[in-house]
>>> print(open('protein-v4.cif').read())   # mmCIF, C-alpha atoms
data_model
loop_
_atom_site.label_atom_id
_atom_site.label_comp_id
_atom_site.auth_asym_id
_atom_site.auth_seq_id
_atom_site.Cartn_x
_atom_site.Cartn_y
_atom_site.Cartn_z
CA MET K 123 0.00 0.00 0.00
CA VAL K 124 1.29 3.46 -0.96
CA THR K 125 0.82 6.23 1.55
CA THR K 126 1.28 9.87 0.82
CA SER K 127 1.04 13.13 2.68
CA ALA K 128 -0.54 14.81 -0.35
CA PRO K 129 -3.76 16.66 0.45
CA LYS K 130 -7.01 14.96 -0.25
CA VAL K 131 -9.55 16.21 -2.79
CA GLY K 132 -11.37 19.24 -1.44
CA ALA K 133 -8.59 20.27 0.96
CA SER K 134 -6.85 23.62 0.74
CA VAL K 135 -3.34 23.46 -0.66
CA PRO K 136 -0.96 26.10 0.67
CA ARG K 137 0.64 28.13 -2.13
CA VAL K 138 4.42 28.01 -1.94
CA ASP K 139 4.57 31.40 -3.70
CA GLY K 140 1.73 33.07 -1.81
CA ARG K 141 3.81 34.96 0.77
CA ASP K 142 6.12 36.45 -1.90
CA LYS K 143 3.16 37.48 -4.06
CA VAL K 144 1.26 39.29 -1.31
CA SER K 145 4.41 40.96 0.02
CA GLY K 146 5.53 42.19 -3.41
CA LYS K 147 8.74 40.14 -3.37
CA ALA K 148 7.67 37.77 -6.17
CA LYS K 149 9.46 38.30 -9.48
CA TYR K 150 7.54 38.20 -12.76
CA VAL K 151 8.82 38.19 -16.34
CA ASP K 152 8.15 41.93 -16.56
CA ASP K 153 10.53 42.45 -13.61
CA LEU K 154 13.47 40.87 -15.43
CA SER K 155 16.13 42.78 -17.30
CA LEU K 156 19.01 40.69 -18.57
CA PRO K 157 21.83 41.56 -20.99
CA GLY K 158 20.63 41.21 -24.58
CA MET K 159 17.00 40.84 -23.52
CA LEU K 160 14.31 42.60 -25.54
CA HIS K 161 11.13 44.03 -24.05
CA ALA K 162 8.00 43.67 -26.16
CA ALA K 163 4.77 45.59 -26.51
CA THR K 164 1.74 44.76 -28.63
CA VAL K 165 0.34 47.06 -31.31
CA ARG K 166 -3.43 46.75 -30.96
CA SER K 167 -6.41 47.91 -33.00
CA THR K 168 -8.37 50.93 -31.86
CA VAL K 169 -11.45 50.10 -33.94
CA ALA K 170 -14.00 47.39 -33.29
CA HIS K 171 -14.46 46.18 -36.85
CA GLY K 172 -12.49 46.85 -40.00
CA ILE K 173 -10.04 45.75 -42.66
CA LEU K 174 -6.37 46.35 -41.83
CA GLU K 175 -5.04 48.10 -44.93
CA GLU K 176 -1.54 49.06 -43.81
CA ILE K 177 0.85 49.22 -40.88
CA ARG K 178 2.85 52.45 -41.10
CA LEU K 179 6.07 53.06 -39.19
CA ASP K 180 6.84 56.74 -38.55
CA PRO K 181 9.93 57.50 -40.67
CA SER K 182 11.03 60.24 -38.25
CA PHE K 183 11.38 57.71 -35.41
CA ASP K 184 14.70 55.89 -34.86
CA TRP K 185 13.82 52.23 -35.54
CA SER K 186 17.46 51.04 -35.47
CA ASP K 187 17.13 49.23 -32.09
CA ILE K 188 13.50 48.19 -32.56
CA VAL K 189 12.25 44.87 -33.94
CA VAL K 190 8.78 44.88 -35.49
CA ALA K 191 6.96 41.59 -36.07
CA THR K 192 3.75 41.28 -38.08
CA ALA K 193 1.61 38.38 -39.29
CA ASP K 194 4.03 38.03 -42.23
CA ASP K 195 6.74 37.00 -39.74
CA ILE K 196 4.76 34.09 -38.29
CA PRO K 197 5.84 30.78 -39.82
CA GLY K 198 3.11 28.23 -40.21
CA THR K 199 -0.44 28.91 -39.14
CA ASN K 200 -1.19 32.38 -37.77
CA VAL K 201 -3.82 31.31 -35.26
CA VAL K 202 -4.58 31.22 -31.57
CA SER K 203 -6.22 27.84 -30.98
CA LEU K 204 -8.99 28.08 -28.43
CA ILE K 205 -12.44 26.64 -29.08
CA GLU K 206 -12.06 27.13 -32.84
CA ASP K 207 -9.10 28.22 -34.94
CA ASP K 208 -10.75 31.53 -35.79
CA GLN K 209 -8.51 34.06 -34.05
CA PRO K 210 -5.30 35.13 -35.77
CA ALA K 211 -2.32 35.65 -33.48
CA LEU K 212 -1.71 38.90 -35.39
CA VAL K 213 -4.19 40.38 -37.87
CA PRO K 214 -2.51 40.39 -41.30
CA VAL K 215 -2.64 43.31 -43.71
CA GLY K 216 -5.84 42.69 -45.67
CA GLY K 217 -7.33 40.78 -42.73
CA THR K 218 -10.37 41.65 -40.65
CA ILE K 219 -10.17 43.29 -37.24
CA LYS K 220 -12.97 41.84 -35.12
CA HIS K 221 -12.62 43.76 -31.85
CA VAL K 222 -10.94 46.69 -30.16
CA ASP K 223 -7.45 45.87 -28.87
CA GLN K 224 -6.97 42.95 -31.26
CA ALA K 225 -3.25 42.26 -31.73
CA VAL K 226 -1.84 43.50 -35.04
CA ALA K 227 1.94 43.63 -34.52
CA ILE K 228 4.64 43.31 -31.87
CA VAL K 229 7.46 45.78 -31.24
CA ALA K 230 10.52 44.78 -29.21
CA ALA K 231 13.29 46.99 -27.89
CA PRO K 232 16.25 46.89 -25.48
CA THR K 233 14.19 48.63 -22.78
CA ARG K 234 10.55 48.59 -21.76
CA ARG K 235 10.39 52.36 -22.16
CA ALA K 236 11.72 52.16 -25.75
CA ALA K 237 9.20 49.45 -26.65
CA PHE K 238 6.28 51.53 -25.42
CA GLU K 239 7.67 54.64 -27.10
CA ALA K 240 7.84 52.71 -30.39
CA LEU K 241 4.13 51.87 -30.04
CA GLU K 242 3.40 55.58 -30.29
CA HIS K 243 5.07 55.66 -33.72
CA VAL K 244 3.07 52.86 -35.34
CA GLU K 245 -0.02 53.87 -37.28
CA LEU K 246 -2.67 51.41 -38.37
CA VAL K 247 -4.60 52.27 -41.51
CA VAL K 248 -7.98 50.61 -41.14
CA GLN K 249 -11.06 50.71 -43.33
CA GLU K 250 -13.77 50.72 -40.70
CA LEU K 251 -16.68 48.34 -41.23
CA PRO K 252 -20.17 48.71 -39.77
CA ALA K 253 -20.90 47.10 -36.44
CA VAL K 254 -23.46 44.31 -36.18
CA PHE K 255 -25.87 44.71 -33.29
CA ASP K 256 -28.62 42.15 -33.77
CA LEU K 257 -28.76 38.41 -34.11
CA GLU K 258 -30.58 38.27 -37.45
CA GLU K 259 -28.02 40.53 -39.12
CA ALA K 260 -25.17 38.51 -37.65
CA LEU K 261 -26.68 35.26 -38.87
CA GLU K 262 -26.97 36.66 -42.40
CA ALA K 263 -23.15 36.72 -42.35
CA LYS K 264 -22.94 39.91 -44.39
CA VAL K 265 -19.91 41.04 -42.42
CA ALA K 266 -16.31 40.50 -43.52
CA VAL K 267 -14.55 37.36 -42.33
CA TYR K 268 -10.91 36.68 -41.52
CA LYS K 269 -8.47 36.37 -44.37
#
>>> encode(input="protein-v4.cif", output="structure tokens")
Amino acid sequence: MVTTSAPKVGASVPRVDGRDKVSGKAKYVDDLSLPGMLHAATVRSTVAHGILEEIRLDPSFDWSDIVVATADDIPGTNVVSLIEDDQPALVPVGGTIKHVDQAVAIVAAPTRRAAFEALEHVELVVQELPAVFDLEEALEAKVAVYK
């Protein structure tokens, strides 16, 4: 017979990281800064529904230390697999934006500050599409779909 001191189903399990988390001592990925490490920030849509026509990088900004990744840089399938494979990891140029804050590109820089500054110099050109507010209209599927 095997005996164990493991808690039984329904019993509280003490968190080994709980004390550090509530005291502020826990370290998260965002707290790290290592030599050669890049800090990333996500370029997100500001419209709820539209076709992404272009991603413009401000030519007056110094992009020399910044890496920009778009859907074109994703090898294989550009999808986030949840219930269905219907969410692109990054909306491609020509693709459909389906909600505000949908990820369109990633910028990475040597510092967190530089990454977030780079975000301010990315412009998304989007052809806005009408919103769908009722079930019948949605079921008619007259709205654009992902490309």
>>> closest_residue(input="protein-v4.cif", among="K:Ala162, K:Val131, K:Val244, K:Leu251", to="Ser182 of chain K", atoms="all atoms listed in the file")
K:Val244
>>> residues_around(input="protein-v4.cif", residues="Val202 of chain K", least_positions_apart="6", cutoff="7 Å", atoms="all atoms listed in the file", output="count of residues only")
3
>>> atom_distance(input="protein-v4.cif", atom1="atom CA of Glu176 of chain K", atom2="atom CA of Leu212 of chain K")
13.2 Å
>>> closest_residue(input="protein-v4.cif", among="K:Ala225, K:Val169, K:Val138, K:Leu179", to="Val201 of chain K", atoms="only C-alpha atoms")
K:Ala225
>>> resolve_selection(input="protein-v4.cif", expression="the PyMOL selection byres ((chain K and resi 161) around 6)", output="PyMOL selection string")
chain K and resi 160+162+230-231+233-234
>>> build_atoms(input="protein-v4.cif", residues="segment 240-253 of chain K", atoms="N, CA and C atoms", output="PDB file, in the coordinates of the input")
ATOM      1  N   ALA K 240       8.002  53.142 -29.003  1.00  0.00           N
ATOM      2  CA  ALA K 240       7.840  52.710 -30.390  1.00  0.00           C
ATOM      3  C   ALA K 240       6.366  52.524 -30.740  1.00  0.00           C
ATOM      4  N   LEU K 241       5.571  52.040 -29.788  1.00  0.00           N
ATOM      5  CA  LEU K 241       4.130  51.870 -30.040  1.00  0.00           C
ATOM      6  C   LEU K 241       3.491  53.174 -30.507  1.00  0.00           C
ATOM      7  N   GLU K 242       3.961  54.272 -29.945  1.00  0.00           N
ATOM      8  CA  GLU K 242       3.400  55.580 -30.290  1.00  0.00           C
ATOM      9  C   GLU K 242       3.712  55.997 -31.719  1.00  0.00           C
ATOM     10  N   HIS K 243       4.630  55.303 -32.363  1.00  0.00           N
ATOM     11  CA  HIS K 243       5.070  55.660 -33.720  1.00  0.00           C
ATOM     12  C   HIS K 243       4.626  54.648 -34.768  1.00  0.00           C
ATOM     13  N   VAL K 244       3.664  53.808 -34.391  1.00  0.00           N
ATOM     14  CA  VAL K 244       3.070  52.860 -35.340  1.00  0.00           C
ATOM     15  C   VAL K 244       1.653  53.334 -35.612  1.00  0.00           C
ATOM     16  N   GLU K 245       1.322  53.458 -36.888  1.00  0.00           N
ATOM     17  CA  GLU K 245      -0.020  53.870 -37.280  1.00  0.00           C
ATOM     18  C   GLU K 245      -0.683  52.732 -38.046  1.00  0.00           C
ATOM     19  N   LEU K 246      -1.899  52.423 -37.658  1.00  0.00           N
ATOM     20  CA  LEU K 246      -2.670  51.410 -38.370  1.00  0.00           C
ATOM     21  C   LEU K 246      -3.660  52.116 -39.288  1.00  0.00           C
ATOM     22  N   VAL K 247      -3.629  51.749 -40.552  1.00  0.00           N
ATOM     23  CA  VAL K 247      -4.600  52.270 -41.510  1.00  0.00           C
ATOM     24  C   VAL K 247      -5.684  51.211 -41.637  1.00  0.00           C
ATOM     25  N   VAL K 248      -6.886  51.572 -41.205  1.00  0.00           N
ATOM     26  CA  VAL K 248      -7.980  50.610 -41.140  1.00  0.00           C
ATOM     27  C   VAL K 248      -9.210  51.172 -41.853  1.00  0.00           C
ATOM     28  N   GLN K 249      -9.776  50.375 -42.721  1.00  0.00           N
ATOM     29  CA  GLN K 249     -11.060  50.710 -43.330  1.00  0.00           C
ATOM     30  C   GLN K 249     -12.118  50.200 -42.371  1.00  0.00           C
ATOM     31  N   GLU K 250     -12.776  51.130 -41.689  1.00  0.00           N
ATOM     32  CA  GLU K 250     -13.770  50.720 -40.700  1.00  0.00           C
ATOM     33  C   GLU K 250     -14.982  50.090 -41.377  1.00  0.00           C
ATOM     34  N   LEU K 251     -15.489  49.036 -40.754  1.00  0.00           N
ATOM     35  CA  LEU K 251     -16.680  48.340 -41.230  1.00  0.00           C
ATOM     36  C   LEU K 251     -17.811  48.585 -40.234  1.00  0.00           C
ATOM     37  N   PRO K 252     -19.054  48.487 -40.689  1.00  0.00           N
ATOM     38  CA  PRO K 252     -20.170  48.710 -39.770  1.00  0.00           C
ATOM     39  C   PRO K 252     -20.239  47.631 -38.695  1.00  0.00           C
ATOM     40  N   ALA K 253     -20.704  48.046 -37.543  1.00  0.00           N
ATOM     41  CA  ALA K 253     -20.900  47.100 -36.440  1.00  0.00           C
ATOM     42  C   ALA K 253     -22.189  46.319 -36.675  1.00  0.00           C
TER      43      ALA K 253
END
